[in-house]
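A.B. asks: Following this message is one structure expressed as structure tokens.
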Amino acid sequence: MSKPIVAIVGRPNVGKSTLFNALAGSRISIIEDTPGVTRDRIYADVEWLDRSFTLIDTGGIEPDTSDIILAQMREQAQIAIDTADVILFMTDLKQGLVDADAKVADMLRRSHKSVLLVVNKVDSFARDEAGVYEFYNLGIGDPYPISAANRTGIGDLLDEVLRRLPEKDPSEEEDERPKVAIVGKPNVGKSSIINRLLGEDRLIVSDIAGTTRDAVDTVVKYNGKEYIFIDTAGIRRKNKIKEDLEHYMIVRAVGAVERADVVVLVIDAVEGVTEQDAKIAGIAHERGKGILIAVNKWDAVEKDTHTAKKFEEKVRQTLSFMPYADIVFISAKSGQRLSRIYTMVDEIMESANRRVQTGVLNEILTEAVALQQPPMDKGKRLKCYYMTQVAVAPPTFILFVNDKKLMHFSYERYIENQIRTAFGFKGTAIRIFTRERSRKETPEL
């Protein structure tokens, strides 16, 4: 089940990033008293009363601006609006109700989304009550007075957010067809890949609306099996300004990745792998999705016997956090190797849902510890007692140790590599959580 999406929108400098940081639990957004500082949309997972959702922070909306950067921020906010299930429309009590607020409210009304009006910087409701009621004039519902800086009123706001989140769709949980999100930077050929797959297979089952997301899901049948492709195309380069290009891709990627089982990251073979590719890949990696790297336009690259190897080395270097992902070199234009996507998606799905018997898993752990001793600190050595798998998609393991402070990142990576060597887990992240137990509380290896 994918997480619902909640977007914070409003004019610049009304406190959106402050609220985002309060809800996300850490200072993720830059907070600066200058309009337009949050050019980059940032996202985080938020939990409240056993419900979770993805929170998106956006740049401020200036409805009538001619400034290029602010105009782009307005457009990225529109993408967030299109993507969100619930929208938090933030206003500023100190500045009062201004014309720009009314114009933003009109934009939100046209979205037909669930909107909560938030009046920020209300340090004392008894003192500021009249100022809060002024925002009823927006005609967008009851205002929720909060102080993001002081973290007051946020609980009531979150309670209402949960009431407005969509209920879990039982049909989504029962649908076992692989959901494949095609993601990547603008103009790398995402639409061309799907169009080519459709053109080759000529067995389109149906086109279904992508629920509340800004995407179209296409069901394709290949070799008697159905796949749901989530297309995130449609982002176009604006005024050839590269600085803020990533503003347009992150939210679409978040929305698509949340709903996908497998994410196909499309890289432009001519341009090469970039840091923007790494940002998109990081979204899928953090969420534990299956990942396949598809290098498109491979037919347009001049090649010798070492070209593919050198390109793969560069990809591995830039995407070093996900060495488990396979790479396929394709051409949407010619159809080269496109059919391999189906086979590789099936393999990744199998890996992501693979379960390892506890006994076999601990045999591998015993061998790993024997081959390389656990780290030691101040005369105390890490002891690995027991390991068990607790979840799939992604495969998740709990490792019981004597003192988790002794677990160094490099040794955890070593254990992960030993598991991968023994069981594969191609194309999927692995989660390992360390828990402290005494030897008496855990079975002997």
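All residue names refer to the structure tokens as shown: chains lettered A, B, ... in order, residues numbered from 1 in each chain, ligands numbered from 1 in order.
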From a backbone DSSP assignment, name each residue in region 259-400 of chain A labelled strand (DSSP E or B), as a ChimeraX atom specification.

C.D. replies: /A:262-268,290-296,326-329,331,336,376-377,380-381,384-391,396-400

A.B. asks: Which of region 50-123 of chain A counts as helix (DSSP H, G or I) under DSSP, as number ranges by chain please?

C.D. replies: A: 68-83, 99-111

A.B. asks: Find the residue from A:Val119, A:Val219, A:Cys384, A:Leu165 that sits nearest to Val401 (chain A); use only C-alpha atoms when measuring.

C.D. replies: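 Under the stated criterion, the closest residue is A:Cys384.
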
A.B. asks: Give me the residues within 9 Å of Met407 (chain A) as a PyMOL selection string, counting only C-alpha atoms and dropping any in the same chain fewer than 6 places off.

C.D. replies: chain A and resi 374-376+382+401+434

A.B. asks: Could you list, as a ChimeraX atom specification, every residue within 9 Å of Lys3 (chain A), counting only C-alpha atoms and ignoring same-chain residues fewer than 4 positions away?

C.D. replies: /A:45,52-54,255,258-259

A.B. asks: Mind giving me the straight-line distance from CA of Ser114 (chain A) to CA of Val9 (chain A) in Å, one decimal?

C.D. replies: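 Interatomic distance, CA of Ser114 (chain A) to CA of Val9 (chain A): 12.7 Å.
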
A.B. asks: Fewer than 6 positions away in the same chain doesn't count, so skip those; otherwise give me all residues within 9 Å of Gln336 (chain A), counting only C-alpha atoms, as a PyMOL selection string.

C.D. replies: chain A and resi 298-299+329-330

A.B. asks: Based on the selection just made, write N, CA and C atoms of those residues as a compact mmCIF listing (two decimals), in the first residue's frame.

C.D. replies:
# COMPACT_ATOMS: atom_id res chain seq x y z
N TRP A 298 21.09 3.94 -26.33
CA TRP A 298 22.38 3.29 -26.47
C TRP A 298 22.79 3.19 -27.94
N ASP A 299 21.81 3.19 -28.84
CA ASP A 299 22.11 3.12 -30.26
C ASP A 299 22.75 4.41 -30.78
N PHE A 329 21.19 -1.98 -21.20
CA PHE A 329 21.40 -0.96 -22.22
C PHE A 329 20.34 -1.15 -23.31
N ILE A 330 19.52 -0.12 -23.52
CA ILE A 330 18.35 -0.26 -24.39
C ILE A 330 18.27 0.89 -25.38

A.B. asks: Give me the residues within 7 Å of Arg11 (chain A) as JSON, numbers by chain, counting only C-alpha atoms and dropping any in the same chain fewer than 5 places off.

C.D. replies: {"A": [60, 61, 62]}

A.B. asks: Save the residues we just selected, N, CA and C atoms, as a PDB file, in the first residue's frame?

C.D. replies:
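Listing of again_35.pdb after writing:
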ATOM      1  N   GLY A  60       7.495  28.815  -2.459  1.00  0.00           N
ATOM      2  CA  GLY A  60       6.317  29.663  -2.330  1.00  0.00           C
ATOM      3  C   GLY A  60       5.668  29.992  -3.665  1.00  0.00           C
ATOM      4  N   ILE A  61       4.349  30.200  -3.624  1.00  0.00           N
ATOM      5  CA  ILE A  61       3.591  30.553  -4.825  1.00  0.00           C
ATOM      6  C   ILE A  61       3.455  32.070  -4.891  1.00  0.00           C
ATOM      7  N   GLU A  62       3.957  32.662  -5.952  1.00  0.00           N
ATOM      8  CA  GLU A  62       3.717  34.074  -6.241  1.00  0.00           C
ATOM      9  C   GLU A  62       2.875  34.127  -7.504  1.00  0.00           C
TER      10      GLU A  62
END

A.B. asks: Could you tell me which of A:Arg151, A:Lys297, A:Lys179, A:Arg437 comes closest to Ala22 (chain A) if we count only C-alpha atoms?

C.D. replies: A:Arg151

A.B. asks: Just the residues within 9 Å of region 284-293 of chain A, please, counting only C-alpha atoms, with nothing from its chain fewer than 3 positions along; format it as a CSV table (one decimal) with N, CA and C atoms, in the first residue's frame.

C.D. replies:
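New file result-v3.csv:
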chain,number,residue,atom,x,y,z
A,253,ALA,N,8.5,11.8,-9.1
A,253,ALA,CA,9.2,10.5,-8.7
A,253,ALA,C,8.7,10.0,-7.4
A,254,VAL,N,8.5,10.8,-6.4
A,254,VAL,CA,8.0,10.3,-5.1
A,254,VAL,C,6.7,9.6,-5.3
A,257,VAL,N,7.1,6.3,-7.3
A,257,VAL,CA,7.9,5.3,-6.5
A,257,VAL,C,7.0,4.7,-5.4
A,258,GLU,N,6.2,5.6,-4.7
A,258,GLU,CA,5.4,5.1,-3.6
A,258,GLU,C,4.5,4.0,-4.1
A,260,ALA,N,4.9,2.0,-6.7
A,260,ALA,CA,5.5,0.9,-7.5
A,260,ALA,C,6.1,-0.2,-6.7
A,261,ASP,N,6.2,-1.4,-7.4
A,261,ASP,CA,7.0,-2.5,-6.8
A,261,ASP,C,8.4,-2.4,-7.3
A,262,VAL,N,8.5,-2.1,-8.6
A,262,VAL,CA,9.9,-2.0,-9.2
A,262,VAL,C,10.0,-0.6,-9.9
A,263,VAL,N,11.1,0.0,-9.7
A,263,VAL,CA,11.4,1.3,-10.3
A,263,VAL,C,12.4,1.1,-11.4
A,264,VAL,N,12.1,1.6,-12.6
A,264,VAL,CA,13.1,1.6,-13.7
A,264,VAL,C,13.6,3.0,-13.9
A,265,LEU,N,14.8,3.2,-13.5
A,265,LEU,CA,15.5,4.5,-13.6
A,265,LEU,C,16.1,4.6,-15.0
A,266,VAL,N,15.6,5.6,-15.8
A,266,VAL,CA,16.1,5.7,-17.2
A,266,VAL,C,17.2,6.8,-17.2
A,267,ILE,N,18.3,6.4,-17.8
A,267,ILE,CA,19.5,7.3,-17.9
A,267,ILE,C,19.7,7.5,-19.4
A,280,ILE,N,17.1,10.8,-7.9
A,280,ILE,CA,15.9,10.0,-8.2
A,280,ILE,C,16.1,8.6,-7.7
A,281,ALA,N,17.2,8.0,-8.0
A,281,ALA,CA,17.5,6.7,-7.6
A,281,ALA,C,17.5,6.6,-6.0
A,321,PHE,N,25.5,3.8,-3.8
A,321,PHE,CA,24.7,3.4,-2.7
A,321,PHE,C,23.8,2.2,-3.1
A,322,MET,N,23.7,1.9,-4.4
A,322,MET,CA,22.9,0.8,-4.8
A,322,MET,C,23.6,-0.1,-5.8
A,324,TYR,N,23.5,-3.2,-6.0
A,324,TYR,CA,22.7,-4.4,-6.2
A,324,TYR,C,21.8,-4.3,-7.5
A,325,ALA,N,21.7,-3.0,-8.0
A,325,ALA,CA,20.8,-2.8,-9.2
A,325,ALA,C,21.5,-3.3,-10.5
A,326,ASP,N,20.7,-4.0,-11.3
A,326,ASP,CA,21.2,-4.4,-12.6
A,326,ASP,C,21.1,-3.3,-13.6
A,327,ILE,N,21.9,-3.3,-14.6
A,327,ILE,CA,21.9,-2.3,-15.7
A,327,ILE,C,21.6,-3.0,-17.0
A,328,VAL,N,20.7,-2.4,-17.8
A,328,VAL,CA,20.4,-2.9,-19.1
A,328,VAL,C,20.5,-1.7,-20.1
A,329,PHE,N,21.2,-2.0,-21.2
A,329,PHE,CA,21.4,-1.0,-22.2
A,329,PHE,C,20.3,-1.2,-23.3
A,341,ILE,N,13.3,-6.0,-20.2
A,341,ILE,CA,12.7,-5.3,-19.0
A,341,ILE,C,11.7,-6.2,-18.3
A,344,MET,N,13.6,-9.0,-16.3
A,344,MET,CA,14.4,-8.4,-15.2
A,344,MET,C,13.4,-8.0,-14.1
A,345,VAL,N,12.3,-7.4,-14.5
A,345,VAL,CA,11.3,-7.0,-13.5
A,345,VAL,C,10.8,-8.3,-12.7
A,348,ILE,N,13.5,-9.3,-10.3
A,348,ILE,CA,13.5,-8.4,-9.1
A,348,ILE,C,12.4,-8.6,-8.2
A,349,MET,N,11.2,-8.8,-8.7
A,349,MET,CA,10.0,-9.1,-7.9
A,349,MET,C,10.2,-10.4,-7.0
A,351,SER,N,13.1,-11.6,-6.1
A,351,SER,CA,14.2,-11.3,-5.1
A,351,SER,C,13.6,-10.5,-3.9
A,352,ALA,N,12.8,-9.5,-4.3
A,352,ALA,CA,12.2,-8.6,-3.2
A,352,ALA,C,11.3,-9.4,-2.3
A,393,ALA,N,10.0,-7.3,0.6
A,393,ALA,CA,9.7,-6.1,-0.2
A,393,ALA,C,9.9,-4.8,0.6
A,394,PRO,N,11.1,-4.4,1.1
A,394,PRO,CA,12.3,-5.1,0.9
A,394,PRO,C,12.6,-6.2,1.9
A,395,PRO,N,13.5,-7.2,1.6
A,395,PRO,CA,13.9,-8.2,2.6
A,395,PRO,C,14.5,-7.5,3.8
A,426,LYS,N,18.9,-10.0,-6.0
A,426,LYS,CA,19.2,-9.1,-7.1
A,426,LYS,C,18.1,-8.0,-7.3
A,427,GLY,N,18.6,-6.8,-7.4
A,427,GLY,CA,17.7,-5.6,-7.7
A,427,GLY,C,16.9,-5.1,-6.6
A,428,THR,N,17.2,-5.5,-5.4
A,428,THR,CA,16.4,-5.0,-4.2
A,428,THR,C,17.3,-4.6,-3.1
A,429,ALA,N,16.9,-3.6,-2.4
A,429,ALA,CA,17.7,-3.2,-1.2
A,429,ALA,C,17.4,-4.2,-0.1
A,430,ILE,N,18.3,-4.3,0.9
A,430,ILE,CA,18.2,-5.2,2.0
A,430,ILE,C,18.3,-4.3,3.3
A,431,ARG,N,17.4,-4.5,4.2
A,431,ARG,CA,17.4,-3.8,5.5
A,431,ARG,C,17.9,-4.7,6.6
